[in-house]
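Enquirer: Sharing upload_21.txt, compact mmCIF, N, CA and C atoms:
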```txt
# COMPACT_ATOMS: atom_id res chain seq x y z
N GLN C 1 -11.78 -6.28 6.28
CA GLN C 1 -10.80 -7.01 5.49
C GLN C 1 -9.92 -6.02 4.75
N VAL C 2 -8.60 -6.19 4.88
CA VAL C 2 -7.70 -5.29 4.18
C VAL C 2 -7.71 -5.62 2.70
N GLN C 3 -7.40 -4.60 1.90
CA GLN C 3 -7.38 -4.78 0.46
C GLN C 3 -5.95 -4.72 -0.05
N LEU C 4 -5.64 -5.62 -0.93
CA LEU C 4 -4.34 -5.64 -1.59
C LEU C 4 -4.59 -5.94 -3.07
N VAL C 5 -4.13 -5.07 -3.92
CA VAL C 5 -4.32 -5.24 -5.35
C VAL C 5 -2.97 -5.12 -6.04
N GLU C 6 -2.49 -6.24 -6.55
CA GLU C 6 -1.21 -6.27 -7.26
C GLU C 6 -1.45 -6.13 -8.76
N SER C 7 -0.52 -5.48 -9.44
CA SER C 7 -0.63 -5.31 -10.88
C SER C 7 0.76 -5.13 -11.48
N GLY C 8 0.81 -5.20 -12.80
CA GLY C 8 2.06 -4.93 -13.50
C GLY C 8 2.79 -6.14 -14.03
N GLY C 9 2.29 -7.33 -13.72
CA GLY C 9 2.95 -8.53 -14.21
C GLY C 9 2.79 -8.69 -15.71
N GLY C 10 3.47 -9.68 -16.24
CA GLY C 10 3.39 -9.94 -17.67
C GLY C 10 4.47 -10.91 -18.09
N SER C 11 4.67 -10.99 -19.39
CA SER C 11 5.68 -11.87 -19.95
C SER C 11 6.87 -11.04 -20.40
N VAL C 12 8.05 -11.53 -20.13
CA VAL C 12 9.26 -10.77 -20.46
C VAL C 12 10.38 -11.77 -20.72
N GLN C 13 11.31 -11.37 -21.53
CA GLN C 13 12.46 -12.22 -21.82
C GLN C 13 13.55 -12.01 -20.77
N PRO C 14 14.41 -12.99 -20.59
CA PRO C 14 15.52 -12.81 -19.64
C PRO C 14 16.30 -11.54 -19.96
N GLY C 15 16.66 -10.82 -18.90
CA GLY C 15 17.37 -9.56 -19.07
C GLY C 15 16.47 -8.36 -19.15
N GLY C 16 15.17 -8.60 -19.27
CA GLY C 16 14.21 -7.51 -19.37
C GLY C 16 13.80 -6.97 -18.01
N SER C 17 12.82 -6.08 -18.06
CA SER C 17 12.37 -5.39 -16.84
C SER C 17 10.85 -5.39 -16.75
N LEU C 18 10.39 -5.35 -15.51
CA LEU C 18 8.97 -5.17 -15.22
C LEU C 18 8.88 -4.31 -13.96
N ARG C 19 7.77 -3.61 -13.83
CA ARG C 19 7.52 -2.82 -12.62
C ARG C 19 6.17 -3.24 -12.06
N LEU C 20 6.21 -3.83 -10.89
CA LEU C 20 4.99 -4.26 -10.22
C LEU C 20 4.51 -3.17 -9.26
N SER C 21 3.19 -3.09 -9.12
CA SER C 21 2.60 -2.14 -8.18
C SER C 21 1.65 -2.88 -7.26
N CYS C 22 1.53 -2.36 -6.06
CA CYS C 22 0.61 -2.95 -5.09
C CYS C 22 -0.09 -1.83 -4.35
N ALA C 23 -1.40 -1.77 -4.50
CA ALA C 23 -2.21 -0.81 -3.76
C ALA C 23 -2.76 -1.50 -2.52
N LEU C 24 -2.51 -0.92 -1.36
CA LEU C 24 -2.92 -1.55 -0.11
C LEU C 24 -3.82 -0.62 0.68
N SER C 25 -4.57 -1.21 1.60
CA SER C 25 -5.35 -0.41 2.55
C SER C 25 -4.39 0.35 3.44
N SER C 26 -4.79 1.54 3.81
CA SER C 26 -3.94 2.34 4.69
C SER C 26 -3.72 1.66 6.03
N SER C 27 -4.67 0.83 6.44
CA SER C 27 -4.56 0.14 7.73
C SER C 27 -3.38 -0.83 7.75
N ILE C 28 -3.03 -1.41 6.64
CA ILE C 28 -1.91 -2.34 6.59
C ILE C 28 -0.62 -1.60 6.23
N MET C 29 -0.74 -0.55 5.48
CA MET C 29 0.44 0.19 5.02
C MET C 29 1.06 0.99 6.16
N SER C 30 0.25 1.59 6.95
CA SER C 30 0.73 2.54 7.93
C SER C 30 1.58 1.90 9.02
N GLY C 31 2.86 2.31 9.06
CA GLY C 31 3.73 1.89 10.15
C GLY C 31 4.26 0.48 10.06
N ASN C 32 3.98 -0.22 8.97
CA ASN C 32 4.39 -1.62 8.85
C ASN C 32 5.39 -1.85 7.74
N ALA C 33 6.19 -2.88 7.92
CA ALA C 33 7.03 -3.35 6.83
C ALA C 33 6.15 -4.09 5.83
N ILE C 34 6.38 -3.81 4.56
CA ILE C 34 5.62 -4.45 3.48
C ILE C 34 6.60 -5.18 2.58
N GLY C 35 6.20 -6.35 2.11
CA GLY C 35 7.10 -7.14 1.29
C GLY C 35 6.44 -7.65 0.03
N TRP C 36 7.28 -8.04 -0.89
CA TRP C 36 6.84 -8.76 -2.09
C TRP C 36 7.22 -10.22 -1.91
N TYR C 37 6.23 -11.08 -2.11
CA TYR C 37 6.41 -12.51 -1.98
C TYR C 37 6.25 -13.16 -3.35
N ARG C 38 7.02 -14.17 -3.60
CA ARG C 38 6.95 -14.87 -4.89
C ARG C 38 6.56 -16.32 -4.65
N GLN C 39 5.57 -16.76 -5.42
CA GLN C 39 5.17 -18.17 -5.39
C GLN C 39 5.50 -18.74 -6.76
N ALA C 40 6.50 -19.60 -6.80
CA ALA C 40 7.02 -20.08 -8.07
C ALA C 40 5.99 -20.89 -8.86
N ALA C 41 5.16 -21.63 -8.14
CA ALA C 41 4.13 -22.47 -8.79
C ALA C 41 3.02 -22.69 -7.78
N PRO C 42 1.82 -22.94 -8.24
CA PRO C 42 0.71 -23.22 -7.31
C PRO C 42 1.07 -24.36 -6.37
N GLY C 43 0.77 -24.16 -5.10
CA GLY C 43 1.07 -25.18 -4.12
C GLY C 43 2.43 -25.05 -3.48
N LYS C 44 3.30 -24.25 -4.08
CA LYS C 44 4.63 -24.03 -3.49
C LYS C 44 4.53 -22.90 -2.46
N GLU C 45 5.46 -22.89 -1.55
CA GLU C 45 5.45 -21.88 -0.51
C GLU C 45 5.83 -20.52 -1.09
N ARG C 46 5.23 -19.50 -0.56
CA ARG C 46 5.60 -18.13 -0.97
C ARG C 46 6.95 -17.77 -0.35
N GLU C 47 7.78 -17.17 -1.16
CA GLU C 47 9.13 -16.75 -0.73
C GLU C 47 9.16 -15.22 -0.66
N LEU C 48 9.61 -14.70 0.45
CA LEU C 48 9.76 -13.25 0.59
C LEU C 48 11.02 -12.82 -0.15
N VAL C 49 10.86 -12.02 -1.19
CA VAL C 49 12.03 -11.63 -1.99
C VAL C 49 12.49 -10.20 -1.69
N ALA C 50 11.62 -9.37 -1.20
CA ALA C 50 12.02 -8.00 -0.90
C ALA C 50 11.05 -7.41 0.13
N ARG C 51 11.60 -6.57 0.99
CA ARG C 51 10.76 -5.89 1.97
C ARG C 51 11.24 -4.47 2.16
N VAL C 52 10.30 -3.60 2.49
CA VAL C 52 10.64 -2.21 2.77
C VAL C 52 10.01 -1.86 4.12
N MET C 53 10.85 -1.35 5.02
CA MET C 53 10.39 -0.99 6.35
C MET C 53 9.58 0.30 6.29
N ALA C 54 8.87 0.59 7.37
CA ALA C 54 8.05 1.80 7.42
C ALA C 54 8.88 3.05 7.19
N TYR C 55 10.13 3.02 7.65
CA TYR C 55 11.00 4.20 7.54
C TYR C 55 11.87 4.16 6.30
N GLY C 56 11.69 3.13 5.44
CA GLY C 56 12.34 3.12 4.14
C GLY C 56 13.47 2.14 3.91
N MET C 57 14.01 1.57 4.96
CA MET C 57 15.10 0.60 4.78
C MET C 57 14.59 -0.59 3.99
N THR C 58 15.44 -1.11 3.12
CA THR C 58 15.05 -2.23 2.27
C THR C 58 15.95 -3.44 2.51
N ILE C 59 15.37 -4.62 2.35
CA ILE C 59 16.10 -5.88 2.49
C ILE C 59 15.68 -6.80 1.36
N TYR C 60 16.65 -7.49 0.77
CA TYR C 60 16.39 -8.36 -0.36
C TYR C 60 16.90 -9.77 -0.10
N SER C 61 16.24 -10.73 -0.72
CA SER C 61 16.77 -12.08 -0.68
C SER C 61 17.98 -12.14 -1.61
N ASP C 62 18.84 -13.11 -1.37
CA ASP C 62 20.03 -13.24 -2.21
C ASP C 62 19.66 -13.47 -3.68
N SER C 63 18.51 -14.08 -3.91
CA SER C 63 18.14 -14.43 -5.28
C SER C 63 17.81 -13.20 -6.14
N VAL C 64 17.48 -12.07 -5.50
CA VAL C 64 17.09 -10.88 -6.28
C VAL C 64 17.97 -9.66 -6.00
N LYS C 65 18.86 -9.78 -5.03
CA LYS C 65 19.69 -8.64 -4.64
C LYS C 65 20.48 -8.12 -5.83
N GLY C 66 20.46 -6.81 -5.99
CA GLY C 66 21.18 -6.19 -7.09
C GLY C 66 20.38 -6.10 -8.38
N ARG C 67 19.22 -6.76 -8.41
CA ARG C 67 18.40 -6.74 -9.63
C ARG C 67 17.03 -6.14 -9.39
N PHE C 68 16.48 -6.32 -8.22
CA PHE C 68 15.15 -5.80 -7.89
C PHE C 68 15.29 -4.62 -6.93
N THR C 69 14.34 -3.70 -7.03
CA THR C 69 14.30 -2.55 -6.13
C THR C 69 12.87 -2.38 -5.63
N ILE C 70 12.72 -2.40 -4.32
CA ILE C 70 11.41 -2.18 -3.72
C ILE C 70 11.34 -0.75 -3.20
N SER C 71 10.16 -0.16 -3.32
CA SER C 71 9.97 1.19 -2.81
C SER C 71 8.51 1.34 -2.37
N ARG C 72 8.27 2.39 -1.59
CA ARG C 72 6.91 2.62 -1.12
C ARG C 72 6.57 4.10 -1.21
N ASP C 73 5.29 4.36 -1.49
CA ASP C 73 4.76 5.71 -1.48
C ASP C 73 3.67 5.73 -0.41
N ASN C 74 4.01 6.23 0.75
CA ASN C 74 3.07 6.18 1.87
C ASN C 74 1.84 7.05 1.63
N ASN C 75 2.00 8.12 0.89
CA ASN C 75 0.86 9.00 0.61
C ASN C 75 -0.15 8.32 -0.30
N ALA C 76 0.34 7.48 -1.20
CA ALA C 76 -0.53 6.78 -2.16
C ALA C 76 -0.87 5.36 -1.70
N ASN C 77 -0.35 4.95 -0.54
CA ASN C 77 -0.58 3.58 -0.05
C ASN C 77 -0.23 2.55 -1.12
N THR C 78 0.94 2.72 -1.71
CA THR C 78 1.36 1.86 -2.81
C THR C 78 2.81 1.44 -2.59
N VAL C 79 3.06 0.19 -2.92
CA VAL C 79 4.42 -0.35 -2.87
C VAL C 79 4.77 -0.85 -4.27
N TYR C 80 6.00 -0.63 -4.67
CA TYR C 80 6.45 -1.00 -6.01
C TYR C 80 7.58 -2.02 -5.94
N LEU C 81 7.71 -2.77 -7.02
CA LEU C 81 8.87 -3.65 -7.17
C LEU C 81 9.38 -3.49 -8.60
N GLN C 82 10.52 -2.84 -8.73
CA GLN C 82 11.18 -2.71 -10.02
C GLN C 82 12.05 -3.94 -10.22
N MET C 83 11.74 -4.68 -11.26
CA MET C 83 12.45 -5.92 -11.56
C MET C 83 13.31 -5.70 -12.80
N ASP C 84 14.60 -5.73 -12.65
CA ASP C 84 15.53 -5.56 -13.76
C ASP C 84 16.38 -6.81 -13.91
N TYR C 85 16.88 -7.02 -15.13
CA TYR C 85 17.73 -8.18 -15.41
C TYR C 85 17.06 -9.47 -14.94
N VAL C 86 15.81 -9.62 -15.30
CA VAL C 86 15.06 -10.77 -14.80
C VAL C 86 15.65 -12.07 -15.35
N LEU C 87 15.46 -13.12 -14.57
CA LEU C 87 15.92 -14.45 -14.92
C LEU C 87 14.73 -15.38 -15.05
N VAL C 88 14.92 -16.50 -15.70
CA VAL C 88 13.83 -17.48 -15.85
C VAL C 88 13.28 -17.88 -14.48
N GLU C 89 14.19 -17.98 -13.52
CA GLU C 89 13.75 -18.40 -12.18
C GLU C 89 12.97 -17.33 -11.43
N ASP C 90 12.81 -16.16 -12.00
CA ASP C 90 11.96 -15.13 -11.40
C ASP C 90 10.48 -15.37 -11.73
N THR C 91 10.22 -16.33 -12.57
CA THR C 91 8.84 -16.66 -12.93
C THR C 91 8.03 -17.04 -11.71
N GLY C 92 6.82 -16.55 -11.64
CA GLY C 92 5.94 -16.90 -10.54
C GLY C 92 4.84 -15.87 -10.38
N THR C 93 4.04 -16.08 -9.35
CA THR C 93 3.02 -15.12 -9.00
C THR C 93 3.53 -14.29 -7.83
N TYR C 94 3.43 -12.99 -7.97
CA TYR C 94 3.96 -12.07 -6.97
C TYR C 94 2.82 -11.46 -6.16
N TYR C 95 2.99 -11.50 -4.86
CA TYR C 95 2.02 -10.94 -3.94
C TYR C 95 2.71 -9.91 -3.05
N CYS C 96 1.97 -8.93 -2.63
CA CYS C 96 2.49 -8.02 -1.61
C CYS C 96 1.68 -8.22 -0.34
N ASN C 97 2.32 -7.98 0.78
CA ASN C 97 1.62 -8.08 2.05
C ASN C 97 2.54 -7.62 3.17
N ILE C 98 1.97 -7.62 4.35
CA ILE C 98 2.72 -7.22 5.53
C ILE C 98 3.84 -8.23 5.79
N VAL C 99 4.89 -7.77 6.44
CA VAL C 99 5.98 -8.63 6.87
C VAL C 99 6.03 -8.58 8.41
N PRO C 100 6.09 -9.73 9.08
CA PRO C 100 6.10 -11.09 8.57
C PRO C 100 4.72 -11.57 8.09
N ALA C 101 4.73 -12.59 7.27
CA ALA C 101 3.51 -13.07 6.63
C ALA C 101 2.49 -13.60 7.63
N ARG C 102 2.95 -14.06 8.80
CA ARG C 102 2.01 -14.61 9.78
C ARG C 102 1.03 -13.56 10.29
N LEU C 103 1.35 -12.28 10.06
CA LEU C 103 0.45 -11.21 10.47
C LEU C 103 -0.61 -10.90 9.42
N ALA C 104 -0.49 -11.50 8.24
CA ALA C 104 -1.42 -11.20 7.15
C ALA C 104 -2.78 -11.82 7.43
N SER C 105 -3.83 -11.04 7.25
CA SER C 105 -5.19 -11.55 7.45
C SER C 105 -5.78 -12.10 6.16
N ASN C 106 -5.31 -11.60 5.03
CA ASN C 106 -5.77 -12.13 3.74
C ASN C 106 -4.74 -11.75 2.68
N TRP C 107 -4.89 -12.33 1.51
CA TRP C 107 -3.97 -12.11 0.40
C TRP C 107 -4.74 -11.64 -0.83
N GLY C 108 -4.08 -10.87 -1.66
CA GLY C 108 -4.67 -10.45 -2.91
C GLY C 108 -4.59 -11.54 -3.96
N GLN C 109 -4.94 -11.19 -5.19
CA GLN C 109 -4.92 -12.14 -6.28
C GLN C 109 -3.51 -12.39 -6.80
N GLY C 110 -2.62 -11.48 -6.54
CA GLY C 110 -1.27 -11.59 -7.06
C GLY C 110 -1.21 -11.13 -8.52
N THR C 111 0.01 -11.01 -9.00
CA THR C 111 0.23 -10.67 -10.40
C THR C 111 1.29 -11.62 -10.96
N GLN C 112 1.00 -12.18 -12.12
CA GLN C 112 1.86 -13.24 -12.64
C GLN C 112 2.98 -12.67 -13.51
N VAL C 113 4.15 -13.21 -13.28
CA VAL C 113 5.33 -12.85 -14.06
C VAL C 113 5.85 -14.12 -14.73
N VAL C 114 6.01 -14.04 -16.04
CA VAL C 114 6.54 -15.16 -16.80
C VAL C 114 7.78 -14.69 -17.53
N VAL C 115 8.91 -15.31 -17.23
CA VAL C 115 10.16 -15.00 -17.91
C VAL C 115 10.49 -16.18 -18.81
N TYR C 116 10.48 -15.94 -20.09
CA TYR C 116 10.64 -17.02 -21.05
C TYR C 116 11.87 -16.78 -21.91
N SER C 117 12.53 -17.85 -22.22
CA SER C 117 13.74 -17.72 -23.06
C SER C 117 13.43 -18.15 -24.49
```
Using structure tokens, write down the structure that the file contains.
Expert:
Amino acid sequence: QVQLVESGGGSVQPGGSLRLSCALSSSIMSGNAIGWYRQAAPGKERELVARVMAYGMTIYSDSVKGRFTISRDNNANTVYLQMDYVLVEDTGTYYCNIVPARLASNWGQGTQVVVYS
């Protein structure tokens, strides 16, 4: 079973910043695109908000483009999500995993982000 451990969430006011981290097993990290998924509320579908390819190219959803930055450290098997200028609608639980999600064998606990006004 692959391991995924997300951290760095918390409460922040609109306009603030957070930096999320995700430690993954090397088996999932190596050679794969990794993404950050957001689940706005329990029971809602996870939305892919950012992904980073194995060679470094990044893609963002329109909802976070220009505000979030995804990066990866292949040596440390870690993926980051720098969240700047957060909005109330960024609230949710954030998960990292392989892209596309249908290839994921399991999910971590996620890390919760609450943006309050």
Enquirer: Can you work out the spacing between atom C of C:Thr91 and atom CA of C:Gln1 in Å, to one decimal?
Expert: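 The value is 27.4 Å.
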Enquirer: From the list C:Val115, C:Met53, C:Ala76, C:Met83, which residue is nearest C:Ile34 when using only C-alpha atoms?
Expert: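 Checking each of C:Val115, C:Met53, C:Ala76, C:Met83 against C:Ile34, counting only C-alpha atoms, the winner is C:Met53.
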Enquirer: Give as a PyMOL selection string every residue, naming chains and numbers as the document does, that has an atom within 8 Å of (8.1, -16.3, -3.6), counting all atoms listed in the file.
Expert: chain C and resi 36-41+44-49+92-95
Enquirer: Assign secondary structure with DSSP using the backbone only, and return the residues of stretch 44-115 of chain C in strand (DSSP E or B) as an NGL selection string.
Expert: :C and (47-52 or 58-60 or 68-73 or 78-83 or 92-98 or 111-115)
Enquirer: Compile a residue-level contact table for stretch 49-74 of chain C against stretch 7-30 of chain C at a cut-off of 12 Å, reporting for every qualifying residue the shortest atom pair and its distance in Å to one decimal, with only C-alpha atoms counted, rows ordered by chain and ascending number, as a Markdown table.
Expert:
```
| residue | atom | partner | partner_atom | distance |
| --- | --- | --- | --- | --- |
| C:Val52 | CA | C:Met29 | CA | 10.7 |
| C:Met53 | CA | C:Met29 | CA | 10.1 |
| C:Ala54 | CA | C:Ser30 | CA | 7.4 |
| C:Tyr55 | CA | C:Ser30 | CA | 10.4 |
| C:Arg67 | CA | C:Ser17 | CA | 9.5 |
| C:Phe68 | CA | C:Ser17 | CA | 9.4 |
| C:Thr69 | CA | C:Arg19 | CA | 9.4 |
| C:Ile70 | CA | C:Leu20 | CA | 9.4 |
| C:Ser71 | CA | C:Ser21 | CA | 9.7 |
| C:Arg72 | CA | C:Met29 | CA | 9.2 |
| C:Asp73 | CA | C:Met29 | CA | 9.6 |
| C:Asn74 | CA | C:Met29 | CA | 7.3 |
```
Enquirer: Expressed in Å to a single decimal, how great is the separation between atom CA of C:Asn75 and atom CA of C:Gln109?
Expert: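 Between atom CA of C:Asn75 and atom CA of C:Gln109 the gap is 23.0 Å.
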Enquirer: State, in Å with one decimal place, the distance from atom CA of C:Gly35 to atom CA of C:Ser117.
Expert: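 Pair atom CA of C:Gly35 / atom CA of C:Ser117 returns 27.4 Å.
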Enquirer: Set up a box along x, y and z of the file covering all listed atoms of stretch 21-34 of chain C, add 4 Å on every one of the six sides, and write the centre and edge lengths in Å to one decimal, as AutoDock Vina command-line options.
Expert:
```
--center_x 0.8 --center_y -1.3 --center_z 0.5 --size_x 20.4 --size_y 15.7 --size_z 27.3
```
Enquirer: Mind listing the helix (DSSP H, G or I) residues of chain C, per DSSP on the backbone, as an NGL selection string?
Expert: :C and (26-29 or 88-90 or 101-103)
Enquirer: Tell me which residues come within 8 Å of (-9.6, -7.3, 3.9), as JSON, numbers by chain, counting only N, CA and C atoms in the file's coordinates.
Expert: {"C": [1, 2, 3, 4, 105, 106, 107]}
Enquirer: Pick from C:Glu6, C:Gly66, C:Thr111, C:Pro42: nearest to C:Tyr85, with all atoms listed in the file counted?
Expert: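 So, comparing all the options, the nearest one is C:Gly66.
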